[in-house]
Amino acid sequence: MRMSKMFVQTLRDFPSDAEVMSHKLLVRAGFIRKLTSGVYNYLPLMWRVLKKVENIVREEMDASGAQEMLMPFVQPEELWKESGRWDVYGKELMRLKDRHDRGMCLGPTHEEVITFVAREGIKSYKQLPVNLYQIQSKFRDEVRPRYGLLRGREFIMKDAYSFDTTQEGLEKSYKIMADAYYRIFERCGLETKAVQSDSGAIGGAVSHEYMVLIDDTENNAGENDVFFCKNKNCGYAANANHAVSVLESAEVDGAKFGFNELKKVDTPDTTTIEELEKFLNVPSTVILKSMIYIADKKPVMALIRADKTFEETKVMNAVGANEIRSAAPAELEDIFGASKGFVGPIGIENVKIPEGYDGEKIQVVADLTAKEMKNFVIGANETDKHFVGVNLSDLGSDIIFADIRLVEKGEKCPDCGEPLFVTKGIEVGNIFQLGTKYSAKMNAVFTDENGKERPFIMGCYGIGISRTAAAAVERHHDEYGIKWPLAIAPYHVIVVPVNVGEEKQMKIAEEIYKKLLEKGVEAVIDDRDERAGVKFKDSELIGFPFRITAGKTVDEGLVEFKIRETGEVLKITPDEAVEKVVSAVQNIK
RNA sequence: CGGGAUGUGGCGCAGCUUGGUAGCGCACCUCGCUUGGGACGAGGGGGUCGCACGUUCAAAUCGUGUCAUCCCGACCA
């Protein structure tokens, strides 16, 4: 490729609307341009990168025995009604009508369609197991798209779906994918950690997320908090929304503070835990904090020892909901007649659920920390009042107990007891044992050895192609620009004649360029009549892994060979330079 | 959906307080000069100042509305 003809425009400045490095650099270096919020044009350089990532994914998927296909981007409403997700998916699902007023949606994922494909095409256990995948654009109407390619609304994804006859078969298919995923990300130049993750409303099913760990806490690109154990024999790692919190003891008996019997006390203006601690002169560990969530339109009260934090996903799972949000202060008034800071579970069975919400009574879900507390303090469901000296037996019996705590750094690993560490992570892949969630609902069955019909045991496996490319930029850049891993770089090498007016430099550069092409290297020659500084800045910004510069030293028969990743510079002959690139390229194949 | 901010040429920004017919840097085109780290000089093209309505002799500037974008939060198979 000749730089003078390449469709690329690098910018002198970072775009003002970008926040994270991958977004800033990909725009500035001319890889992407925004069309509208969360939707980007992949310009030629970006498209080359994406195709490289795709091809690595494709090679490893094919090697694992999976078969590639392509499903439609637009899907009919009926399929989503069959699976039940039409009503649960929410606004993220981009819904539209065709000219006949039929409901359609843009595919955010393809479980419904693949289940349709399988029930049409798979009739017998003899056809199983099978794993089908595709690489395609997805659309999710994210509440808040951000961070460029890391959280776009339209993005490229590889999604695979396995079909097995048994749970054991599924586990085998799952393991095959887990192994393939490590290879894929490693080949993309990304070290990943597979972490246990929340399995959503499905509950109980196994799920792992592949995280690119981002140590820099200043970096917002890592949107997930990952807890992990450094014990080599253990290896526990989990997303914060799933990490098990190990109970730790604390001073939890209010009797030590004079709360020997249940009574209601005045606690004016104590709307926060801190204020309440101060007013009653007790530690937060003898206070049971109450928080109201709206789970699938049902009000839910969650309880936890007040020095701990709720993990909403765990609350959601504990009550079996699909969607959850914390209630607004005005809603508290509506439901309880008490203001923020004073709601509590005593007498909750008498609280009437107002119009606009679902449910007959308010479900109470308590964290396991509540179980060891005695004579504690809790909101009285009356503004400016709390109960003290409360025990669990005072709260009624219809309480769900579960781990609904957010794990904290330094807590003990649930598997080995060593302290847990936390870091940020970018989720680039997700593998998931679905079971019969879709096949059962959509009546996707096969005939087994005994002539009996049984639903497919399914698994699904995603990789964010565009997100993986962006994550690579997050992990591989410096102050000058991108440092693409060789395997996914748009081109392997750029050849720079310093001065296109110097015949000898130009001649050597052209020769090198030609040799590289002949050897199958993806090379660019910067034949622009620009000053050296411009060419060097651009080559570093765009992130070519290697640069061969033909400058003044051509008179001595030497060129400069520079490695982007390390900054290492060698003065060698043109043939040696070509050889270095060729062997590096062969090495990644 | 709550809170905050911003919309002026491809990118980055000034002008707005105090209304008077749009400017700077980069990029782009032409010529000259220059050529190992984002040169220099001269000339040139490109914007109905997000949109609508209003106030006014006159609106980028004031008012109202609306749309878009970004940030924080909420949310996120």
# chains A, B, ... in the order shown; residues from 1 in each chain; ligands from 1

call {"tool": "interface_residues", "arguments": {"of": "chain A", "to": "chain B", "cutoff": "10 Å", "atoms": "only C-alpha atoms (C1' of nucleotides)", "output": "ChimeraX atom specification"}}
result
/A:9-19,28,36-37,85,89,92,108-109,111,140,142-146,151,199-202,323-326,328,498-502,529-538,549-552

call {"tool": "select_by_dssp", "arguments": {"residues": "stretch 218-433 of chain A", "states": "strand (DSSP E)", "output": "VMD selection string"}}
result
chain A and resid 224 to 229 237 to 239 263 to 266 288 to 295 298 to 305 324 to 326 363 to 367 376 to 379 385 to 390 399 to 402 420 to 433

call {"tool": "write_last_selection", "arguments": {"atoms": "C-alpha atoms", "output": "PDB file, in the first residue's frame"}}
result
ATOM      1  CA  ASN A 224     -15.733  -4.335  35.424  1.00  0.00           C
ATOM      2  CA  ASP A 225     -14.321  -4.915  38.864  1.00  0.00           C
ATOM      3  CA  VAL A 226     -12.592  -8.258  38.987  1.00  0.00           C
ATOM      4  CA  PHE A 227     -11.707  -9.964  42.254  1.00  0.00           C
ATOM      5  CA  PHE A 228      -9.007 -12.553  42.128  1.00  0.00           C
ATOM      6  CA  CYS A 229      -6.811 -14.724  44.301  1.00  0.00           C
ATOM      7  CA  ALA A 237     -11.345 -15.056  39.945  1.00  0.00           C
ATOM      8  CA  ALA A 238     -14.793 -13.537  39.736  1.00  0.00           C
ATOM      9  CA  ASN A 239     -16.625 -10.483  38.570  1.00  0.00           C
ATOM     10  CA  LYS A 263     -38.256  -0.196  71.568  1.00  0.00           C
ATOM     11  CA  LYS A 264     -38.876   2.677  69.205  1.00  0.00           C
ATOM     12  CA  VAL A 265     -36.652   5.722  69.653  1.00  0.00           C
ATOM     13  CA  ASP A 266     -36.519   9.205  68.176  1.00  0.00           C
ATOM     14  CA  LEU A 288     -29.193  -3.235  59.870  1.00  0.00           C
ATOM     15  CA  LYS A 289     -29.467  -1.103  56.747  1.00  0.00           C
ATOM     16  CA  SER A 290     -32.670  -1.275  54.706  1.00  0.00           C
ATOM     17  CA  MET A 291     -32.756  -0.441  51.053  1.00  0.00           C
ATOM     18  CA  ILE A 292     -35.673  -0.514  48.665  1.00  0.00           C
ATOM     19  CA  TYR A 293     -35.246  -1.876  45.170  1.00  0.00           C
ATOM     20  CA  ILE A 294     -37.751  -2.113  42.374  1.00  0.00           C
ATOM     21  CA  ALA A 295     -37.294  -5.563  40.873  1.00  0.00           C
ATOM     22  CA  LYS A 298     -42.065  -5.257  42.449  1.00  0.00           C
ATOM     23  CA  PRO A 299     -40.821  -3.333  45.471  1.00  0.00           C
ATOM     24  CA  VAL A 300     -38.268  -5.377  47.408  1.00  0.00           C
ATOM     25  CA  MET A 301     -36.642  -4.571  50.724  1.00  0.00           C
ATOM     26  CA  ALA A 302     -33.018  -5.591  51.093  1.00  0.00           C
ATOM     27  CA  LEU A 303     -31.263  -5.745  54.466  1.00  0.00           C
ATOM     28  CA  ILE A 304     -27.562  -5.742  55.224  1.00  0.00           C
ATOM     29  CA  ARG A 305     -25.209  -4.938  58.076  1.00  0.00           C
ATOM     30  CA  ILE A 324     -33.580  -4.134  39.237  1.00  0.00           C
ATOM     31  CA  ARG A 325     -33.094  -0.527  40.227  1.00  0.00           C
ATOM     32  CA  SER A 326     -32.956   1.320  43.507  1.00  0.00           C
ATOM     33  CA  GLN A 363     -40.486  -9.341  49.693  1.00  0.00           C
ATOM     34  CA  VAL A 364     -37.697  -8.948  52.228  1.00  0.00           C
ATOM     35  CA  VAL A 365     -34.269 -10.239  51.299  1.00  0.00           C
ATOM     36  CA  ALA A 366     -31.545 -10.197  53.938  1.00  0.00           C
ATOM     37  CA  ASP A 367     -27.830 -10.565  53.578  1.00  0.00           C
ATOM     38  CA  PHE A 376     -29.623  -4.264  66.410  1.00  0.00           C
ATOM     39  CA  VAL A 377     -30.925  -0.938  65.129  1.00  0.00           C
ATOM     40  CA  ILE A 378     -33.290  -0.673  62.191  1.00  0.00           C
ATOM     41  CA  GLY A 379     -35.555   1.903  60.535  1.00  0.00           C
ATOM     42  CA  LYS A 385     -37.750   7.019  64.194  1.00  0.00           C
ATOM     43  CA  HIS A 386     -35.733   3.831  64.498  1.00  0.00           C
ATOM     44  CA  PHE A 387     -36.184   0.626  66.445  1.00  0.00           C
ATOM     45  CA  VAL A 388     -33.360  -0.488  68.732  1.00  0.00           C
ATOM     46  CA  GLY A 389     -32.823  -3.843  70.411  1.00  0.00           C
ATOM     47  CA  VAL A 390     -34.268  -5.649  67.404  1.00  0.00           C
ATOM     48  CA  ILE A 399     -37.345 -13.468  54.596  1.00  0.00           C
ATOM     49  CA  ILE A 400     -34.998 -14.729  51.917  1.00  0.00           C
ATOM     50  CA  PHE A 401     -31.432 -15.027  53.212  1.00  0.00           C
ATOM     51  CA  ALA A 402     -28.666 -14.778  50.650  1.00  0.00           C
ATOM     52  CA  LEU A 420      -8.564 -11.223  47.467  1.00  0.00           C
ATOM     53  CA  PHE A 421      -7.226  -8.537  45.147  1.00  0.00           C
ATOM     54  CA  VAL A 422      -9.285  -6.339  42.871  1.00  0.00           C
ATOM     55  CA  THR A 423      -8.530  -4.883  39.467  1.00  0.00           C
ATOM     56  CA  LYS A 424     -10.377  -3.432  36.500  1.00  0.00           C
ATOM     57  CA  GLY A 425     -11.194  -5.554  33.512  1.00  0.00           C
ATOM     58  CA  ILE A 426     -12.526  -5.264  29.986  1.00  0.00           C
ATOM     59  CA  GLU A 427     -14.853  -8.125  29.146  1.00  0.00           C
ATOM     60  CA  VAL A 428     -13.860  -9.361  25.710  1.00  0.00           C
ATOM     61  CA  GLY A 429     -15.554 -12.738  25.798  1.00  0.00           C
ATOM     62  CA  ASN A 430     -18.228 -14.675  27.617  1.00  0.00           C
ATOM     63  CA  ILE A 431     -19.020 -18.353  27.656  1.00  0.00           C
ATOM     64  CA  PHE A 432     -22.187 -19.685  29.118  1.00  0.00           C
ATOM     65  CA  GLN A 433     -23.924 -22.970  29.825  1.00  0.00           C
TER      66      GLN A 433
END

call {"tool": "select_by_dssp", "arguments": {"residues": "stretch 316-434 of chain A", "states": "helix (DSSP H, G or I)", "output": "mmCIF file with C-alpha atoms, in the first residue's frame"}}
result
data_model
loop_
_atom_site.group_PDB
_atom_site.id
_atom_site.type_symbol
_atom_site.label_atom_id
_atom_site.label_comp_id
_atom_site.auth_asym_id
_atom_site.auth_seq_id
_atom_site.Cartn_x
_atom_site.Cartn_y
_atom_site.Cartn_z
ATOM 1 C CA MET A 316 -31.722 -9.296 41.744
ATOM 2 C CA ASN A 317 -30.806 -12.965 41.610
ATOM 3 C CA ALA A 318 -31.923 -13.579 45.187
ATOM 4 C CA PRO A 329 -36.760 8.853 47.499
ATOM 5 C CA ALA A 330 -40.186 9.948 46.237
ATOM 6 C CA GLU A 331 -41.124 6.321 45.709
ATOM 7 C CA LEU A 332 -40.219 5.527 49.310
ATOM 8 C CA GLU A 333 -42.682 8.147 50.472
ATOM 9 C CA ASP A 334 -45.302 6.705 48.159
ATOM 10 C CA ILE A 335 -44.901 3.152 49.345
ATOM 11 C CA PHE A 336 -43.975 3.487 52.999
ATOM 12 C CA ILE A 348 -43.971 -4.443 56.403
ATOM 13 C CA GLU A 349 -46.742 -6.992 55.857
ATOM 14 C CA ASN A 350 -49.200 -4.147 56.405
ATOM 15 C CA LEU A 368 -26.202 -13.364 55.554
ATOM 16 C CA THR A 369 -24.573 -10.712 57.771
ATOM 17 C CA ALA A 370 -28.033 -10.164 59.289
ATOM 18 C CA LYS A 371 -28.097 -13.691 60.695
ATOM 19 C CA GLU A 372 -25.416 -13.088 63.295
ATOM 20 C CA LEU A 392 -34.328 -11.392 63.614
ATOM 21 C CA SER A 393 -37.319 -13.061 65.282
ATOM 22 C CA ASP A 394 -38.967 -9.642 65.369
ATOM 23 C CA LEU A 395 -38.892 -9.369 61.600
#

call {"tool": "residues_around", "arguments": {"residues": "stretch 507-521 of chain A", "least_positions_apart": "2", "cutoff": "10 Å", "atoms": "only C-alpha atoms (C1' of nucleotides)", "output": "MDAnalysis selection string"}}
result
chainID A and resid 1:2 491:498 500 502:505 523:527 548:551 554 557:559 574:575 577:579 581:586

call {"tool": "atom_distance", "arguments": {"atom1": "atom CA of A:Gly462", "atom2": "atom CA of A:Glu154"}}
result
15.0 Å

call {"tool": "closest_residue", "arguments": {"among": "A:Ala444, A:Val53, A:Ser137, A:Asp269", "to": "A:Pro485", "atoms": "only C-alpha atoms"}}
result
A:Val53

call {"tool": "atom_distance", "arguments": {"atom1": "atom CA of A:Glu186", "atom2": "atom CA of A:Lys34"}}
result
29.0 Å

call {"tool": "atom_distance", "arguments": {"atom1": "atom CA of A:Ala29", "atom2": "atom CA of A:Ile542"}}
result
5.3 Å

call {"tool": "residues_around", "arguments": {"residues": "A:Phe163", "least_positions_apart": "6", "cutoff": "7 Å", "atoms": "only C-alpha atoms (C1' of nucleotides)", "output": "number ranges by chain"}}
result
A: 128-131, 456-459
